[in-house]
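Structure record follows, encoded as structure tokens.
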Amino acid sequence: DALWAAFDGGELKKYNLRSVEVGANGDCQYHVLSSVLCDVNLDAHAIRQGVADELTARNGLYKDFVPVSDGQDHDASYAAFVEKTRTAGEWGDHVTLKAACTKYNLSLIVFRSDGHPVHMEPHPGIHSQPPKHGNIAYLSQIHYRATEPLIYKNKKPMRAKKPRKLVSFEVYVRSFMPAALSAANRPVEPKVASNKLVWEINQNAEENTQYASQK
């Protein structure tokens, strides 16, 4: 559609990439992860369950990033979040993507339609092997897609360009959940790409922190 055409012809084209539709119906993040993990032959359902298992097994790494729902304590809110993650058709978010990177040892660049790519990495000290790299596209608040290189006229693929400035998962979340990151003993002052980044992300703070009602 027009939004993806603009994303492809603008932000993604700068990095010699274009988006590829791989699946929707609330499972787009997991379909995209399946495309990145094509060499291990895991479908979207299996990855969804693996992410939920990761959230359960290492809950201390993720609980502080999940907002507390009205009328629930933190443990109950987190348990509900994990249950939603297990359920087909429930949207993934920044927390499930971080958990996927840790579970499957992935290093992902999330090219965002707002022009501020985010770098997602596994939590340190868990894997002994280097992570597998992947590039994915996110049309903010709408949909994830896989990516592939643009093609030269001689039909050879272009080499994807790496962004000069990448925002980490912690900096991204800190912009709209500062209390959670302080509780998780992260540094209080973020190193952000620009003040514009914080302003733009804060415009979507309500949607980003209301997982249960949005998804």
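Residue numbers start at 1 in each chain; chains themselves are named A, B, ... in the order of the structure tokens; ligands are numbered from 1 in the order shown.
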
- Query: Got a sec: who's within 8 Å of segment 156-164 of chain A, counting only C-alpha atoms, leaving out chain neighbours fewer than 2 positions off, as number ranges by chain?
  - Reply: A: 14-17, 117, 149-154, 166

If you keep N, CA, C and O atoms, can you produce a file of those selected residues as a tab-separated table (two decimals), in the first residue's frame?
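To be explicit, this is the file written out as part_37.tsv:
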chain	number	residue	atom	x	y	z
A	14	LYS	N	17.55	3.89	1.32
A	14	LYS	CA	18.82	4.48	1.74
A	14	LYS	C	19.83	3.42	2.13
A	14	LYS	O	21.04	3.63	2.05
A	15	TYR	N	19.32	2.26	2.57
A	15	TYR	CA	20.20	1.19	3.04
A	15	TYR	C	20.22	0.00	2.07
A	15	TYR	O	20.63	-1.10	2.43
A	16	ASN	N	19.81	0.25	0.82
A	16	ASN	CA	19.81	-0.78	-0.23
A	16	ASN	C	18.91	-1.96	0.10
A	16	ASN	O	19.19	-3.11	-0.24
A	17	LEU	N	17.79	-1.67	0.75
A	17	LEU	CA	16.85	-2.71	1.16
A	17	LEU	C	15.45	-2.40	0.66
A	17	LEU	O	15.12	-1.26	0.35
A	117	PRO	N	16.47	3.67	13.29
A	117	PRO	CA	16.63	2.22	13.45
A	117	PRO	C	17.10	1.83	14.84
A	117	PRO	O	17.87	2.55	15.48
A	149	PRO	N	17.81	-7.43	-0.10
A	149	PRO	CA	18.59	-6.39	-0.78
A	149	PRO	C	17.95	-5.94	-2.08
A	149	PRO	O	17.28	-6.72	-2.76
A	150	LEU	N	18.15	-4.69	-2.42
A	150	LEU	CA	17.79	-4.23	-3.76
A	150	LEU	C	18.68	-4.91	-4.79
A	150	LEU	O	19.77	-5.41	-4.46
A	151	ILE	N	18.25	-4.92	-6.03
A	151	ILE	CA	18.97	-5.63	-7.09
A	151	ILE	C	19.55	-4.63	-8.09
A	151	ILE	O	18.87	-3.70	-8.53
A	152	TYR	N	20.83	-4.84	-8.43
A	152	TYR	CA	21.44	-4.05	-9.50
A	152	TYR	C	20.84	-4.42	-10.85
A	152	TYR	O	20.17	-5.45	-10.99
A	153	LYS	N	21.10	-3.60	-11.85
A	153	LYS	CA	20.60	-3.88	-13.19
A	153	LYS	C	21.14	-5.19	-13.74
A	153	LYS	O	20.53	-5.83	-14.58
A	154	ASN	N	22.31	-5.60	-13.25
A	154	ASN	CA	22.88	-6.88	-13.71
A	154	ASN	C	22.33	-8.07	-12.91
A	154	ASN	O	22.86	-9.17	-12.98
A	166	LEU	N	22.64	3.90	15.54
A	166	LEU	CA	21.67	2.89	15.95
A	166	LEU	C	21.28	3.13	17.40
A	166	LEU	O	22.13	3.42	18.24

- Query: So how far away is atom CA of Gly134 of chain A from atom CA of Leu3 of chain A, in Å?
  - Reply: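 Value for the atom CA of Leu3 of chain A-atom CA of Gly134 of chain A distance: 22.5 Å.
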
- Going by DSSP on the backbone, which bits of segment 81-151 of chain A are alpha helix (DSSP H)? Write them as an NGL selection string, please. :A and (81-86 or 94-104)

- Please identify all polymer residues within 10 Å of Cys28 of chain A, counting only C-alpha atoms, omitting same-chain residues fewer than 5 positions from it, and present them as a PyMOL selection string. chain A and resi 21-23+33-34+44+89-92+142-146

- Task: Work out how far apart atom CA of Pro67 of chain A and atom CA of Leu55 of chain A are and give it in Å to one decimal.
- Result: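 We find that atom CA of Pro67 of chain A and atom CA of Leu55 of chain A lie 14.5 Å from each other.
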
- Task: Go ahead and compute the interatomic distance for atom CA of Phe169 of chain A and atom CA of Ile109 of chain A, in Å to one decimal.
- Result: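 So the two atoms, atom CA of Phe169 of chain A and atom CA of Ile109 of chain A, lie 10.5 Å apart.
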
Please identify every residue of segment 106-174 of chain A that has at least one atom no farther than 12 Å from an atom of segment 48-54 of chain A, counting only C-alpha atoms, and for each give the shortest atom pair and the distance in Å to one decimal, arranged by chain then increasing number, as CSV.
residue,atom,partner,partner_atom,distance
A:Pro122,CA,A:Glu54,CA,11.7
A:His123,CA,A:Glu54,CA,11.6
A:Ile126,CA,A:Glu54,CA,12.0

Same residues, N, CA, C and O atoms, output as a PDB file, in the first residue's frame:
ATOM      1  N   PRO A 122      21.106 -10.085  21.696  1.00  0.00           N
ATOM      2  CA  PRO A 122      20.854 -10.993  22.820  1.00  0.00           C
ATOM      3  C   PRO A 122      21.380 -10.396  24.122  1.00  0.00           C
ATOM      4  O   PRO A 122      22.311  -9.586  24.117  1.00  0.00           O
ATOM      5  N   HIS A 123      20.778 -10.788  25.228  1.00  0.00           N
ATOM      6  CA  HIS A 123      21.364 -10.414  26.508  1.00  0.00           C
ATOM      7  C   HIS A 123      22.765 -11.019  26.597  1.00  0.00           C
ATOM      8  O   HIS A 123      22.990 -12.154  26.159  1.00  0.00           O
ATOM      9  N   ILE A 126      24.947 -15.210  27.620  1.00  0.00           N
ATOM     10  CA  ILE A 126      24.069 -16.380  27.481  1.00  0.00           C
ATOM     11  C   ILE A 126      24.544 -17.318  26.372  1.00  0.00           C
ATOM     12  O   ILE A 126      24.546 -18.535  26.535  1.00  0.00           O
TER      13      ILE A 126
END

- Of the candidates A:Tyr62, A:His127, A:Val110, A:Val167, which shows the shortest atom-to-atom distance to Ser140 of chain A, using only C-alpha atoms?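 Of the candidates, the smallest distance to Ser140 of chain A is held by A:Val110.
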
Once DSSP has gone over the backbone, tell me which residues of segment 91-184 of chain A are in strand (DSSP E), as a PDB file with N, CA, C and O atoms, in the first residue's frame.
ATOM      1  N   LEU A 106      20.095 -13.785  18.130  1.00  0.00           N
ATOM      2  CA  LEU A 106      19.967 -12.927  16.958  1.00  0.00           C
ATOM      3  C   LEU A 106      20.432 -11.514  17.259  1.00  0.00           C
ATOM      4  O   LEU A 106      20.218 -10.986  18.347  1.00  0.00           O
ATOM      5  N   SER A 107      21.048 -10.895  16.260  1.00  0.00           N
ATOM      6  CA  SER A 107      21.358  -9.471  16.289  1.00  0.00           C
ATOM      7  C   SER A 107      20.575  -8.833  15.151  1.00  0.00           C
ATOM      8  O   SER A 107      20.875  -9.060  13.984  1.00  0.00           O
ATOM      9  N   LEU A 108      19.564  -8.058  15.497  1.00  0.00           N
ATOM     10  CA  LEU A 108      18.648  -7.516  14.496  1.00  0.00           C
ATOM     11  C   LEU A 108      18.749  -5.997  14.419  1.00  0.00           C
ATOM     12  O   LEU A 108      18.799  -5.320  15.450  1.00  0.00           O
ATOM     13  N   ILE A 109      18.750  -5.480  13.206  1.00  0.00           N
ATOM     14  CA  ILE A 109      18.534  -4.055  13.005  1.00  0.00           C
ATOM     15  C   ILE A 109      17.088  -3.887  12.579  1.00  0.00           C
ATOM     16  O   ILE A 109      16.656  -4.442  11.564  1.00  0.00           O
ATOM     17  N   VAL A 110      16.334  -3.170  13.386  1.00  0.00           N
ATOM     18  CA  VAL A 110      14.928  -2.909  13.096  1.00  0.00           C
ATOM     19  C   VAL A 110      14.847  -1.547  12.411  1.00  0.00           C
ATOM     20  O   VAL A 110      14.985  -0.505  13.049  1.00  0.00           O
ATOM     21  N   PHE A 111      14.663  -1.564  11.099  1.00  0.00           N
ATOM     22  CA  PHE A 111      14.525  -0.318  10.336  1.00  0.00           C
ATOM     23  C   PHE A 111      13.103   0.190  10.537  1.00  0.00           C
ATOM     24  O   PHE A 111      12.133  -0.455  10.132  1.00  0.00           O
ATOM     25  N   ARG A 112      12.981   1.346  11.164  1.00  0.00           N
ATOM     26  CA  ARG A 112      11.686   1.899  11.519  1.00  0.00           C
ATOM     27  C   ARG A 112      11.263   2.980  10.528  1.00  0.00           C
ATOM     28  O   ARG A 112      12.097   3.708   9.990  1.00  0.00           O
ATOM     29  N   VAL A 118      16.598   0.703  15.307  1.00  0.00           N
ATOM     30  CA  VAL A 118      16.910   0.192  16.636  1.00  0.00           C
ATOM     31  C   VAL A 118      17.704  -1.103  16.495  1.00  0.00           C
ATOM     32  O   VAL A 118      17.397  -1.940  15.651  1.00  0.00           O
ATOM     33  N   HIS A 119      18.734  -1.246  17.327  1.00  0.00           N
ATOM     34  CA  HIS A 119      19.563  -2.451  17.309  1.00  0.00           C
ATOM     35  C   HIS A 119      19.149  -3.361  18.456  1.00  0.00           C
ATOM     36  O   HIS A 119      19.236  -2.988  19.622  1.00  0.00           O
ATOM     37  N   MET A 120      18.674  -4.544  18.125  1.00  0.00           N
ATOM     38  CA  MET A 120      18.273  -5.548  19.112  1.00  0.00           C
ATOM     39  C   MET A 120      19.337  -6.641  19.167  1.00  0.00           C
ATOM     40  O   MET A 120      19.677  -7.231  18.133  1.00  0.00           O
ATOM     41  N   LYS A 132      23.472 -14.414  14.970  1.00  0.00           N
ATOM     42  CA  LYS A 132      23.139 -14.310  13.556  1.00  0.00           C
ATOM     43  C   LYS A 132      22.521 -12.939  13.307  1.00  0.00           C
ATOM     44  O   LYS A 132      21.655 -12.482  14.058  1.00  0.00           O
ATOM     45  N   HIS A 133      22.945 -12.288  12.221  1.00  0.00           N
ATOM     46  CA  HIS A 133      22.441 -10.955  11.928  1.00  0.00           C
ATOM     47  C   HIS A 133      21.231 -11.015  11.001  1.00  0.00           C
ATOM     48  O   HIS A 133      21.133 -11.883  10.133  1.00  0.00           O
ATOM     49  N   GLY A 134      20.316 -10.066  11.207  1.00  0.00           N
ATOM     50  CA  GLY A 134      19.172  -9.928  10.322  1.00  0.00           C
ATOM     51  C   GLY A 134      18.691  -8.491  10.269  1.00  0.00           C
ATOM     52  O   GLY A 134      18.885  -7.724  11.227  1.00  0.00           O
ATOM     53  N   ASN A 135      18.099  -8.107   9.145  1.00  0.00           N
ATOM     54  CA  ASN A 135      17.497  -6.786   8.978  1.00  0.00           C
ATOM     55  C   ASN A 135      15.989  -6.958   8.814  1.00  0.00           C
ATOM     56  O   ASN A 135      15.544  -7.733   7.968  1.00  0.00           O
ATOM     57  N   ILE A 136      15.208  -6.248   9.628  1.00  0.00           N
ATOM     58  CA  ILE A 136      13.759  -6.320   9.504  1.00  0.00           C
ATOM     59  C   ILE A 136      13.190  -4.905   9.438  1.00  0.00           C
ATOM     60  O   ILE A 136      13.862  -3.935   9.809  1.00  0.00           O
ATOM     61  N   ALA A 137      11.960  -4.789   8.950  1.00  0.00           N
ATOM     62  CA  ALA A 137      11.328  -3.483   8.768  1.00  0.00           C
ATOM     63  C   ALA A 137      10.084  -3.386   9.634  1.00  0.00           C
ATOM     64  O   ALA A 137       9.313  -4.346   9.753  1.00  0.00           O
ATOM     65  N   TYR A 138       9.892  -2.197  10.234  1.00  0.00           N
ATOM     66  CA  TYR A 138       8.738  -1.977  11.095  1.00  0.00           C
ATOM     67  C   TYR A 138       8.053  -0.677  10.723  1.00  0.00           C
ATOM     68  O   TYR A 138       8.625   0.402  10.877  1.00  0.00           O
ATOM     69  N   LEU A 139       6.831  -0.794  10.212  1.00  0.00           N
ATOM     70  CA  LEU A 139       5.985   0.362   9.962  1.00  0.00           C
ATOM     71  C   LEU A 139       5.296   0.683  11.282  1.00  0.00           C
ATOM     72  O   LEU A 139       4.429  -0.062  11.736  1.00  0.00           O
ATOM     73  N   HIS A 143       2.872  -2.804  11.449  1.00  0.00           N
ATOM     74  CA  HIS A 143       3.208  -4.098  10.854  1.00  0.00           C
ATOM     75  C   HIS A 143       4.724  -4.273  10.741  1.00  0.00           C
ATOM     76  O   HIS A 143       5.463  -3.305  10.545  1.00  0.00           O
ATOM     77  N   TYR A 144       5.172  -5.544  10.874  1.00  0.00           N
ATOM     78  CA  TYR A 144       6.559  -5.934  10.594  1.00  0.00           C
ATOM     79  C   TYR A 144       6.617  -6.635   9.238  1.00  0.00           C
ATOM     80  O   TYR A 144       5.700  -7.361   8.857  1.00  0.00           O
ATOM     81  N   ARG A 145       7.730  -6.423   8.550  1.00  0.00           N
ATOM     82  CA  ARG A 145       8.037  -7.182   7.335  1.00  0.00           C
ATOM     83  C   ARG A 145       9.496  -7.605   7.358  1.00  0.00           C
ATOM     84  O   ARG A 145      10.327  -6.986   8.014  1.00  0.00           O
ATOM     85  N   ALA A 146       9.794  -8.658   6.604  1.00  0.00           N
ATOM     86  CA  ALA A 146      11.185  -9.024   6.362  1.00  0.00           C
ATOM     87  C   ALA A 146      11.778  -8.038   5.350  1.00  0.00           C
ATOM     88  O   ALA A 146      11.063  -7.197   4.788  1.00  0.00           O
ATOM     89  N   THR A 147      13.074  -8.130   5.118  1.00  0.00           N
ATOM     90  CA  THR A 147      13.718  -7.302   4.103  1.00  0.00           C
ATOM     91  C   THR A 147      14.585  -8.161   3.198  1.00  0.00           C
ATOM     92  O   THR A 147      14.959  -9.283   3.550  1.00  0.00           O
ATOM     93  N   GLU A 148      14.895  -7.618   2.030  1.00  0.00           N
ATOM     94  CA  GLU A 148      15.850  -8.230   1.128  1.00  0.00           C
ATOM     95  C   GLU A 148      16.615  -7.122   0.412  1.00  0.00           C
ATOM     96  O   GLU A 148      16.140  -5.981   0.334  1.00  0.00           O
ATOM     97  N   PRO A 149      17.810  -7.427  -0.100  1.00  0.00           N
ATOM     98  CA  PRO A 149      18.594  -6.386  -0.778  1.00  0.00           C
ATOM     99  C   PRO A 149      17.946  -5.939  -2.077  1.00  0.00           C
ATOM    100  O   PRO A 149      17.279  -6.722  -2.762  1.00  0.00           O
ATOM    101  N   VAL A 167      20.015   3.008  17.693  1.00  0.00           N
ATOM    102  CA  VAL A 167      19.512   3.141  19.051  1.00  0.00           C
ATOM    103  C   VAL A 167      19.408   1.754  19.666  1.00  0.00           C
ATOM    104  O   VAL A 167      18.870   0.834  19.046  1.00  0.00           O
ATOM    105  N   SER A 168      19.911   1.568  20.870  1.00  0.00           N
ATOM    106  CA  SER A 168      19.823   0.273  21.527  1.00  0.00           C
ATOM    107  C   SER A 168      18.427   0.044  22.099  1.00  0.00           C
ATOM    108  O   SER A 168      17.640   0.976  22.275  1.00  0.00           O
TER     109      SER A 168
END
